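So the structure is just underneath, and the comments pick up after that.
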Amino acid sequence: MKIPNPQPTALRRSKVAGLRSPLPTLRDRPGQTSSSITSGAEPSEKIVISGCDYLGLSDDAVIREAWLKASANGPLQTGASRATTGDHPLYRRAEKAIADFLNEPAAVLTATGYLASLAVAQGLRDQATHVVVDASAHNCVQDGARLSGLPILSFASGDARALRSVLSNLPPSARPLVATDGVYGIRGGMAPLNEYLLALPTSGWLWVDDAHGLGSVGATGRGSPEFFSLRDSRLIRSVTFSKALGVAGGAVIGDASLMEHVRTRAGAYLGSSAPPLAIAAAIAAAVVRVDKLPGRVRRLQELARRFSNALPSRPEILNDSRTPVTAIHPRDAAQAQRLTEALTQAGFVPPWIRYPGGPGGGFFRIALKATHSRSQMDRLSRAIRVGLNE
Ligand SMILES: Cc1ncc(COP(=O)(O)O)c(C=O)c1O
């Protein structure tokens, strides 16, 4: 199905309403920050329901202070890979903070979440014999699998039986690296990690890219393994700090000897500089911040359930009340246009995107934030009903 991008119409309308630029700009205002869009002298509030700032930490004052202090008091960057001369105490401090937060033995910092995934696959390529990938895993997981140079097998997304069947066809000596997202970032929903782990032979590993799970799921926001109460030395996760944690940078987390493999074998770590020092300092502050603001995690999860309950049951809507992401795949261009108009009229910026793994023509990807209000979410579900002619 080819759906023309309805965004230009939405943006034209915003311009009519007084926006200086057809592209929304964000302005800091207490309590509203990243959900306000300026319109010159008269701010016209438009609620942003896109992106991945699930906990609303991207303008957190404490994290910002850590960032600013590090950039004011030291070099911006160490000028080399950490494996050569570029190491710094701030990197080690960030890694300790990440590992402590996730109750795991060790963490390895990378410049981005994408690189963290490449580093997992490269780090384990001498250990594993096959990579077995959930069909909906993010691009960086698929790219990592390819870069490992190992044979790649795929199984139907979210289907532990399909995984078992693939694993049962491997030779007894196989050491499979099973790879999946924890929370599927473009459509919401969670991989059944508990079942994946049960399917795994003792000689294998479960690699979870928890880019969208960190901060958003699990009772204390520690992500998909916390949600499923998993503790297992065969579990390796890659994360990004650019989503719920509001910063940037990535990490690989898990068993200390596996992290040593990442440090000594992964080109994505050995041949790439760590993030700027200010980012390392901000990451260390952000993981502590999640525990200082436990209400945010609870609130996000409560909003996700409330929103999910209020949505109509329709084939166009992909939603899972456990996660803050909802996708709407309109059946045709007319429906996409109606939804765009309904969302715009209700005061939302229509979250229309194109992204690898989503429908080629584009789709609406809604991301809730802990700083959204209940009434905004109720208005959003009503607007969706209107747009779908419910
Ligand atoms: C599932 C998943 N993993 C990894 C990444 C990459 O993270 P980063 O933006 O830090 O490179 C993304 C980013 O969109 C993602 O959705």
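Going by the structure tokens order, chains are called A, B, ..., each with residues numbered from 1, while ligands are numbered from 1 in the order shown.
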Between chain A and ligand 1, at 10 Å or less, what are the per-residue closest atom pairs and their distances in Å? Count only C-alpha atoms and all ligand atoms, order by chain and rising residue number, and return it as a tab-separated table.
residue	atom	partner	partner_atom_place_in_ligand_line	distance
A:Gly51	CA	ligand 1	14 (O)	9.2
A:Cys52	CA	ligand 1	14 (O)	8.4
A:Thr110	CA	ligand 1	10 (O)	9.0
A:Ala111	CA	ligand 1	10 (O)	7.7
A:Thr112	CA	ligand 1	10 (O)	4.0
A:Gly113	CA	ligand 1	10 (O)	3.4
A:Tyr114	CA	ligand 1	11 (O)	3.8
A:Leu115	CA	ligand 1	11 (O)	6.5
A:Ala116	CA	ligand 1	4 (C)	7.9
A:Ser117	CA	ligand 1	4 (C)	7.1
A:Leu118	CA	ligand 1	4 (C)	9.8
A:Ser136	CA	ligand 1	1 (C)	9.7
A:Ala137	CA	ligand 1	1 (C)	7.2
A:His138	CA	ligand 1	1 (C)	4.9
A:Asn139	CA	ligand 1	3 (N)	7.5
A:Cys140	CA	ligand 1	4 (C)	6.0
A:Val141	CA	ligand 1	3 (N)	7.4
A:Thr180	CA	ligand 1	1 (C)	9.0
A:Asp181	CA	ligand 1	1 (C)	6.0
A:Gly182	CA	ligand 1	1 (C)	8.1
A:Val183	CA	ligand 1	1 (C)	7.6
A:Tyr184	CA	ligand 1	1 (C)	6.7
A:Gly185	CA	ligand 1	16 (O)	5.3
A:Ile186	CA	ligand 1	16 (O)	7.4
A:Val208	CA	ligand 1	1 (C)	9.4
A:Asp209	CA	ligand 1	3 (N)	5.9
A:Asp210	CA	ligand 1	1 (C)	6.6
A:Ala211	CA	ligand 1	3 (N)	4.8
A:His212	CA	ligand 1	1 (C)	6.1
A:Gly213	CA	ligand 1	1 (C)	8.9
A:Ser238	CA	ligand 1	3 (N)	7.8
A:Val239	CA	ligand 1	4 (C)	6.7
A:Thr240	CA	ligand 1	10 (O)	4.5
A:Phe241	CA	ligand 1	10 (O)	6.3
A:Ser242	CA	ligand 1	10 (O)	5.3
A:Lys243	CA	ligand 1	10 (O)	7.7
A:Val247	CA	ligand 1	10 (O)	9.1
A:Ala248	CA	ligand 1	10 (O)	5.9
A:Gly249	CA	ligand 1	10 (O)	5.4
A:Gly250	CA	ligand 1	10 (O)	5.6
A:Ala251	CA	ligand 1	10 (O)	9.1
A:Tyr355	CA	ligand 1	14 (O)	9.4
**OP:** Fewer than 6 positions away in the same chain doesn't count, so skip those; otherwise give me all residues within 8 Å of Asp255 of chain A, counting only C-alpha atoms, as JSON, numbers by chain.
**Re:** {"A": [104, 105, 106, 233, 234, 235, 236]}
Write the selection just made, keeping C-alpha atoms, as an mmCIF file, in the first residue's frame?
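Output below, filename selection_17.cif:
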data_model
loop_
_atom_site.group_PDB
_atom_site.id
_atom_site.type_symbol
_atom_site.label_atom_id
_atom_site.label_comp_id
_atom_site.auth_asym_id
_atom_site.auth_seq_id
_atom_site.Cartn_x
_atom_site.Cartn_y
_atom_site.Cartn_z
ATOM 1 C CA GLU A 104 24.877 -6.463 36.215
ATOM 2 C CA PRO A 105 28.591 -7.183 36.629
ATOM 3 C CA ALA A 106 29.956 -4.876 33.912
ATOM 4 C CA SER A 233 24.832 -14.811 32.879
ATOM 5 C CA ARG A 234 23.872 -15.692 29.259
ATOM 6 C CA LEU A 235 21.962 -12.403 28.963
ATOM 7 C CA ILE A 236 23.720 -9.534 27.162
#
**OP:** Looking only at strand (DSSP E or B) from DSSP on the backbone, list the matching residues of segment 134-359 of chain A as a VMD selection string.
**Re:** chain A and resid 134 152 to 155 176 to 181 183 190 205 to 209 235 to 240 250 to 254 317 to 319 325 to 328 348 to 349 352 to 353
Take the residues that were just selected and, keeping C-alpha atoms, output them as a PDB file, in the first residue's frame.
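Saved the output as out-v2.pdb:
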ATOM      1  CA  ASP A 134      14.020 -12.157  15.770  1.00  0.00           C
ATOM      2  CA  ILE A 152      22.446 -15.946  10.336  1.00  0.00           C
ATOM      3  CA  LEU A 153      19.077 -17.582  10.905  1.00  0.00           C
ATOM      4  CA  SER A 154      15.818 -15.777  11.495  1.00  0.00           C
ATOM      5  CA  PHE A 155      12.596 -16.651  13.317  1.00  0.00           C
ATOM      6  CA  PRO A 176      23.868 -19.724  19.210  1.00  0.00           C
ATOM      7  CA  LEU A 177      23.638 -16.014  19.880  1.00  0.00           C
ATOM      8  CA  VAL A 178      19.895 -15.295  19.896  1.00  0.00           C
ATOM      9  CA  ALA A 179      19.236 -11.630  19.145  1.00  0.00           C
ATOM     10  CA  THR A 180      16.106  -9.548  19.655  1.00  0.00           C
ATOM     11  CA  ASP A 181      14.751  -6.175  20.698  1.00  0.00           C
ATOM     12  CA  VAL A 183      10.595  -3.597  23.312  1.00  0.00           C
ATOM     13  CA  MET A 190       7.649  -6.887  23.909  1.00  0.00           C
ATOM     14  CA  TRP A 205      23.501 -16.329  24.709  1.00  0.00           C
ATOM     15  CA  LEU A 206      20.459 -14.091  24.592  1.00  0.00           C
ATOM     16  CA  TRP A 207      21.283 -10.625  23.266  1.00  0.00           C
ATOM     17  CA  VAL A 208      18.563  -8.060  23.966  1.00  0.00           C
ATOM     18  CA  ASP A 209      18.669  -4.636  22.347  1.00  0.00           C
ATOM     19  CA  LEU A 235      21.962 -12.403  28.963  1.00  0.00           C
ATOM     20  CA  ILE A 236      23.720  -9.534  27.162  1.00  0.00           C
ATOM     21  CA  ARG A 237      22.027  -6.229  26.519  1.00  0.00           C
ATOM     22  CA  SER A 238      22.764  -3.293  24.336  1.00  0.00           C
ATOM     23  CA  VAL A 239      21.100   0.023  25.167  1.00  0.00           C
ATOM     24  CA  THR A 240      21.010   3.618  24.083  1.00  0.00           C
ATOM     25  CA  GLY A 250      25.173   3.596  24.213  1.00  0.00           C
ATOM     26  CA  ALA A 251      26.425   0.636  26.219  1.00  0.00           C
ATOM     27  CA  VAL A 252      26.771  -3.120  26.245  1.00  0.00           C
ATOM     28  CA  ILE A 253      25.996  -4.697  29.617  1.00  0.00           C
ATOM     29  CA  GLY A 254      26.440  -8.190  31.055  1.00  0.00           C
ATOM     30  CA  ILE A 317      -3.724   0.040  15.422  1.00  0.00           C
ATOM     31  CA  LEU A 318      -0.750  -1.825  16.894  1.00  0.00           C
ATOM     32  CA  ASN A 319      -0.681  -1.290  20.631  1.00  0.00           C
ATOM     33  CA  VAL A 325       4.686   3.048  21.685  1.00  0.00           C
ATOM     34  CA  THR A 326       1.657   2.694  19.410  1.00  0.00           C
ATOM     35  CA  ALA A 327       1.721   2.398  15.627  1.00  0.00           C
ATOM     36  CA  ILE A 328      -1.193   3.204  13.345  1.00  0.00           C
ATOM     37  CA  PHE A 348      -1.235  17.278  18.423  1.00  0.00           C
ATOM     38  CA  VAL A 349       1.649  17.273  15.976  1.00  0.00           C
ATOM     39  CA  TRP A 352       3.916  10.546  10.757  1.00  0.00           C
ATOM     40  CA  ILE A 353       7.198   8.781  10.007  1.00  0.00           C
TER      41      ILE A 353
END
Original post:
Running DSSP on the backbone, which parts of segment 76-314 of chain A land in helix (DSSP H, G or I), as a PyMOL selection string?
Top reply: chain A and resi 89-101+113-123+139-148+160-168+193-199+224-227+256-265+267-270+277-292+294-310
Original post:
So which residues touch Asp291 of chain A within 9 Å, counting only C-alpha atoms, skipping near sequence neighbours fewer than 5 positions away, as an NGL selection string?
Top reply: :A and (101 or 220-221)
Mind dumping the selected residues with C-alpha atoms as an mmCIF file, in the first residue's frame?
data_model
loop_
_atom_site.group_PDB
_atom_site.id
_atom_site.type_symbol
_atom_site.label_atom_id
_atom_site.label_comp_id
_atom_site.auth_asym_id
_atom_site.auth_seq_id
_atom_site.Cartn_x
_atom_site.Cartn_y
_atom_site.Cartn_z
ATOM 1 C CA PHE A 101 21.835 0.589 37.931
ATOM 2 C CA THR A 220 11.688 0.510 38.328
ATOM 3 C CA GLY A 221 12.454 1.255 34.672
#
Subject >> Separation of atom CA of Pro275 of chain A from atom CA of Pro356 of chain A, in Å and rounded to one decimal >> reply: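 These two atoms are separated by 25.3 Å.
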Original post:
When distances are computed from only C-alpha atoms, which of A:Thr344, A:Thr129, A:Asn194, A:Ser148 shows the smallest separation from Leu167 of chain A?
Top reply: A:Thr129
Excluding same-chain residues fewer than 5 positions from Gly86 of chain A, what lies within 10 Å of it counting only C-alpha atoms, as an mmCIF file with N, CA and C atoms, in the first residue's frame?
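In the end it all went to out.cif:
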data_model
loop_
_atom_site.group_PDB
_atom_site.id
_atom_site.type_symbol
_atom_site.label_atom_id
_atom_site.label_comp_id
_atom_site.auth_asym_id
_atom_site.auth_seq_id
_atom_site.Cartn_x
_atom_site.Cartn_y
_atom_site.Cartn_z
ATOM 1 N N GLN A 77 36.749 16.138 24.673
ATOM 2 C CA GLN A 77 36.936 14.791 24.164
ATOM 3 C C GLN A 77 38.382 14.394 24.426
ATOM 4 N N THR A 78 38.636 13.088 24.518
ATOM 5 C CA THR A 78 39.994 12.657 24.819
ATOM 6 C C THR A 78 40.823 12.455 23.558
ATOM 7 N N GLY A 79 40.185 12.505 22.414
ATOM 8 C CA GLY A 79 40.931 12.534 21.156
ATOM 9 C C GLY A 79 41.445 11.203 20.664
ATOM 10 N N ALA A 80 40.944 10.110 21.197
ATOM 11 C CA ALA A 80 41.399 8.793 20.721
ATOM 12 C C ALA A 80 40.452 7.720 21.247
ATOM 13 N N SER A 81 40.534 6.558 20.638
ATOM 14 C CA SER A 81 39.781 5.409 21.144
ATOM 15 C C SER A 81 40.278 5.078 22.559
ATOM 16 N N TYR A 91 34.601 8.011 31.870
ATOM 17 C CA TYR A 91 34.057 6.850 31.152
ATOM 18 C C TYR A 91 33.872 5.673 32.113
ATOM 19 N N SER A 273 35.946 6.299 18.958
ATOM 20 C CA SER A 273 36.082 7.058 20.207
ATOM 21 C C SER A 273 34.821 6.909 21.048
ATOM 22 N N ALA A 274 34.988 6.976 22.340
ATOM 23 C CA ALA A 274 33.838 6.955 23.255
ATOM 24 C C ALA A 274 33.075 8.275 23.079
#
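Shortest atom-to-atom contact with Ser224 of chain A among A:Ala174, A:Ala346, A:Ala191, A:Ala310: A:Ala191, counting only C-alpha atoms.
Considering only C-alpha atoms, the residue among A:Leu293, A:Val217, A:Ile384, A:Leu163 positioned nearest to Ala199 of chain A is A:Leu163.
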